[in-house]
Amino acid sequence: MNIVVCVKEVADPEAPFDSFRVDTERKVIFASPSVMRVLSPFDEQAVEAALRIKDKMEAKVSVISLGNKLDRVVVKKPLLMGADELFLLEDEAFEGGDSFSTAYALSSAIKKIGSYDLVLCGRQSADTNAGQVGAGIAYFLGIPLVTVARKIDVSDGKARVEKVVSDGYEVVETTLPCVITVSSELGQPRYPSIHNIRRANELKPIIWKPADIGLDPSLCGKKGSKLHLLKLFQPVYESSCHIIEGDTPVEAAHNLALRLRAVRII
Amino acid sequence: MIDLNLPYLTDEHKSLAMLVKEFCEREVDLKKLNEIADQPISPNATPEELRKRIPVDLMSKAQDAGLRQLCIPKEFGGSGYENDHIAQGIAAEVAGYYGGQFGRLMTINWKQQVGIAYLQKDLQEEIYSDFLRDKSTMLAASITEPNHGSDYLVPYEEPGLMPDCVAVKDGDEWVINGDKMFCTAGGVSNYVHVTIKTDLKAPVTKGMTQFIVPTRTKGWSISRVNVMMGNEIAPNVQMRFENVRIPDRYRVSPVNGAFEIMRSRLAGKSLHMFGQFLGWSERVFDDMKEYAKARIQGGRPIIQHPNVGAMIAEADCLLKSLRLLLYQNAWECMGIVSRKELIPVKGWYYLNWYAKKVVMRIIEIGLEVYGGMAPQKELPFEHYVRVLLSVMHGGSTGVLSLIKASRIIAGR
């Protein structure tokens, strides 16, 4: 069983709100240098899903990440958790991409890796929250897609997936190979093992440039994007204070209820 | 937030730091641990009562993650960081920053694990396997005696000091009698590492010997719990030895040779303590800084008030310089260990002395920055103030200065 997991390095989504700044002119978000880089949490859960399958059967887990100047400590984390190999699509050309160009590059890398039975992604990344890359990879590879999984069982060339829906979960089955996006309902990912941490300096990723996966740089990153960002801004929330009058607490409560009904809160 | 972009940290060190951070964020309930530490303790509490304070479930998870046994050699089932002092420093710093009291529960053990790693193999096997099996236990050491608290640090050779706890050879055994005054976690440890007078007429530097004492040994007891201003989860106790008999194989230094051993191992052993206090202080500082940015007085955040801004800047400089000193010391220890030489105590003096100065000043600055709240119990760093005052008290700083002064006078 060959499993490929796609992971993304992001600015720590738990960092304080005021650590981020929106540049409306250049349409980019800057994180303060003090903000740590981490793996997108949903992607860590995708790694965990792969490792749970590996716990039960013979499986090889390959991890791919894409970007430029990737933080080695961050992107090596799946290896420390128990994954077998790490591929980095690392080049200036990969910068600034949208879901389309990212999915295209990742699917090209997956084809180059060769044999794959299962491709796992987080349900969405913790920075853009677009949730499109998994679907894009399935499209480019021409294989089925199951989204928002909370449990994955693999046997007899099929994946049985518990898929989260708004009021519970559905159980769906699909043939392999397929793409599955993994949700937080899967549960906590395992900690990196100390044994693997001790080997962290020796673990070397395999680095691919666009040409290594047969891609024209013009199809990568910002140049290959289909999405054109028109405006990036920070919403402004205004608040005002209304004093609810009333001669008695009961009358004030009555007036409050009327007011809430008027603004359709109740 | 702890800066991991430092030239002396490898990917391995950073990954270890991230593991400690993640563990603390996922498993450690800071408020609950502070509440356990603050639960009243009777001076007459029994070891069984003291053990009930240890969060065994959390210790068990920390062991599963490889953290509780961080400095136990790999051959004895540990994580094998007993000689990587930079790893120990960053793990302790991060545990202090994100884990508060959890950091103490870890570093008290790491400190002793490093010391035990120097002992004979059969003793290492015995102590480490017991530690890994019993998750309610800790590791402890003691030297001080009632009425002789700083005798072992006097800057001159005076015969007859520390006369109240004595070990006497009797055949193949040693018989210990007397009290040891301060022993963090002594009441919850299955083994204590003690330094005891074996030549009453000699000065402390030439008349003390180190032993391991299993606390199950007949005659060992807690004579009282030292109830501190800021108690820790694993309390500090006074121990009594009444005709405690231990075989000679539990002697872990040459007879009357404890000080040479202590001087050579102290520096490496103590890094955890200072790393943890540094991390905890950095957390307190970050909270203090945010408070100063948010608190408006006189129409502006108080961090823009010249006096407050200057104190915040001073605290930042103090912590960053302590950090440099800590990792320089760690780096020196690593080089010395790799050459299989003894670690000189010099760096430890500076680190110990400076860490105490910094912690005391951080407390002073905090009280000024939070001045508008007055020193109320609800002060965000109230728990830190009590615990750090209790652990990093100034008493021995003066003695350290005396020792340094005597060396300067002697031209050393």
# chains A, B, ... in the order shown; residues from 1 in each chain; ligands from 1
$ closest_atom_pairs --of "chain A" --to "chain B" --cutoff "12 Å" --atoms "only C-alpha atoms" --output "tab-separated table"
residue	atom	partner	partner_atom	distance
A:Asp12	CA	B:Met1	CA	11.8
A:Glu14	CA	B:Glu25	CA	11.0
A:Ala15	CA	B:Met1	CA	9.7
A:Pro16	CA	B:Met1	CA	10.9
A:Asp18	CA	B:Glu290	CA	11.1
A:Ser19	CA	B:Met1	CA	11.8
A:Ser32	CA	B:Met1	CA	11.8
A:Pro33	CA	B:Asp3	CA	9.7
A:Ser34	CA	B:Met1	CA	7.2
A:Val35	CA	B:Met1	CA	8.2
A:Met36	CA	B:Asp3	CA	8.6
A:Arg37	CA	B:Met18	CA	10.7
A:Val38	CA	B:Met18	CA	9.5
A:Leu39	CA	B:Met18	CA	11.5
A:Pro41	CA	B:Glu22	CA	11.9
A:Asp71	CA	B:Asp11	CA	9.7
A:Arg72	CA	B:Asp11	CA	7.3
A:Val73	CA	B:Asp11	CA	5.7
A:Val74	CA	B:Ser15	CA	8.2
A:Val75	CA	B:Ser15	CA	10.6
A:Lys76	CA	B:Ser15	CA	8.8
A:Lys77	CA	B:Ser15	CA	7.7
A:Pro78	CA	B:Ser15	CA	11.3
A:Leu79	CA	B:Ser15	CA	11.2
A:Leu80	CA	B:Ser15	CA	8.6
A:Met81	CA	B:Leu19	CA	10.7
A:Gln188	CA	B:Arg26	CA	9.3
A:Pro189	CA	B:Arg26	CA	10.9
A:Arg190	CA	B:Ala65	CA	9.3
A:Tyr191	CA	B:Ala65	CA	6.8
A:Pro192	CA	B:Leu19	CA	6.8
A:Ser193	CA	B:Ala65	CA	6.9
A:Ile194	CA	B:Gly66	CA	5.9
A:His195	CA	B:Ser79	CA	7.3
A:Asn196	CA	B:Glu12	CA	9.1
A:Ile197	CA	B:Glu12	CA	5.7
A:Arg198	CA	B:Glu12	CA	6.1
A:Arg199	CA	B:Glu12	CA	7.1
A:Ala200	CA	B:Glu12	CA	4.9
A:Asn201	CA	B:Asp11	CA	5.6
A:Glu202	CA	B:Glu12	CA	9.1
A:Leu203	CA	B:Asp11	CA	9.7
A:Lys204	CA	B:Asp11	CA	11.1
$ residues_around --residues "segment 156-163 of chain A" --least-positions-apart "5" --cutoff "6 Å" --atoms "only C-alpha atoms" --output "short mmCIF file (atom, residue, chain, number, x, y, z; two decimals) with C-alpha atoms, in the first residue's frame"
data_model
loop_
_atom_site.label_atom_id
_atom_site.label_comp_id
_atom_site.auth_asym_id
_atom_site.auth_seq_id
_atom_site.Cartn_x
_atom_site.Cartn_y
_atom_site.Cartn_z
CA VAL A 148 -13.97 15.60 5.19
CA ALA A 149 -13.12 12.13 6.49
CA ARG A 150 -13.12 11.29 10.18
CA LYS A 151 -12.15 7.62 9.76
CA TYR A 169 -21.42 11.26 9.45
CA GLU A 170 -22.05 9.21 6.33
CA VAL A 171 -20.24 6.00 5.45
CA VAL A 172 -19.05 5.91 1.84
CA GLU A 173 -16.95 3.42 -0.05
CA THR A 174 -14.71 4.00 -3.04
CA THR A 175 -12.20 2.08 -5.08
CA LEU A 176 -8.49 2.75 -4.83
#
$ residues_around --residues "Gln276 of chain B" --least-positions-apart "5" --cutoff "7 Å" --atoms "only C-alpha atoms" --output "MDAnalysis selection string"
chainID B and resid 92:93 95:96 103:104
$ write_last_selection --atoms "C-alpha atoms" --output "PDB file, in the first residue's frame"
ATOM      1  CA  ALA B  92      13.841  22.951  29.921  1.00  0.00           C
ATOM      2  CA  GLU B  93      13.335  26.489  28.624  1.00  0.00           C
ATOM      3  CA  ALA B  95       8.881  23.380  29.345  1.00  0.00           C
ATOM      4  CA  GLY B  96       9.222  26.406  31.637  1.00  0.00           C
ATOM      5  CA  GLY B 103       8.565  22.189  33.683  1.00  0.00           C
ATOM      6  CA  ARG B 104       9.687  21.840  37.289  1.00  0.00           C
TER       7      ARG B 104
END
$ select_by_dssp --residues "segment 12-59 of chain B" --states "alpha helix (DSSP H)" --output "PyMOL selection string"
chain B and resi 12-27+30-38+47-51+56-59
$ residues_around --residues "Val28 of chain B" --least-positions-apart "5" --cutoff "9 Å" --atoms "only C-alpha atoms" --output "PyMOL selection string"
chain B and resi 23+33+58+98-99+102
$ closest_residue --among "A:Lys209, A:Arg52, A:Arg123, A:Arg21" --to "Cys6 of chain A" --atoms "only C-alpha atoms"
A:Arg123
$ residues_around --residues "Thr107 of chain B" --least-positions-apart "5" --cutoff "12 Å" --atoms "only C-alpha atoms" --output "MDAnalysis selection string"
chainID B and resid 67:71 88:96 99:102 112:114 138:140 184:185 234 269:277 279
$ residues_around --residues "Val192 of chain B" --least-positions-apart "3" --cutoff "6 Å" --atoms "only C-alpha atoms" --output "list in words"
Ala140, Ala141, Ile212 and Val213 of chain B
$ write_last_selection --atoms "C-alpha atoms" --output "mmCIF file, in the first residue's frame"
data_model
loop_
_atom_site.group_PDB
_atom_site.id
_atom_site.type_symbol
_atom_site.label_atom_id
_atom_site.label_comp_id
_atom_site.auth_asym_id
_atom_site.auth_seq_id
_atom_site.Cartn_x
_atom_site.Cartn_y
_atom_site.Cartn_z
ATOM 1 C CA ALA B 140 16.113 13.920 44.468
ATOM 2 C CA ALA B 141 19.352 15.051 46.030
ATOM 3 C CA ILE B 212 22.523 6.796 46.986
ATOM 4 C CA VAL B 213 19.958 5.936 49.643
#
$ residues_around --residues "segment 218-229 of chain A" --least-positions-apart "2" --cutoff "8 Å" --atoms "only C-alpha atoms" --output "number ranges by chain"
A: 27, 93-102, 104-105, 210, 215-216, 231-232
$ closest_residue --among "A:Val61, A:Ile244, A:Ile207, A:Val154" --to "Leu88 of chain A" --atoms "only C-alpha atoms"
A:Ile207
$ atom_distance --atom1 "atom CA of Lys135 of chain B" --atom2 "atom CA of Arg53 of chain B"
12.4 Å
$ select_by_dssp --residues "segment 51-289 of chain B" --states "strand (DSSP E)" --output "ChimeraX atom specification"
/B:138-142,166-170,173-184,189-197,208-214,220-226,236-247
$ atom_distance --atom1 "atom CA of Ala330 of chain B" --atom2 "atom CA of Lys346 of chain B"
12.5 Å
$ closest_residue --among "A:Asn68, A:Ser240, A:Ser115, A:Gln234" --to "Ile29 of chain A" --atoms "only C-alpha atoms"
A:Gln234
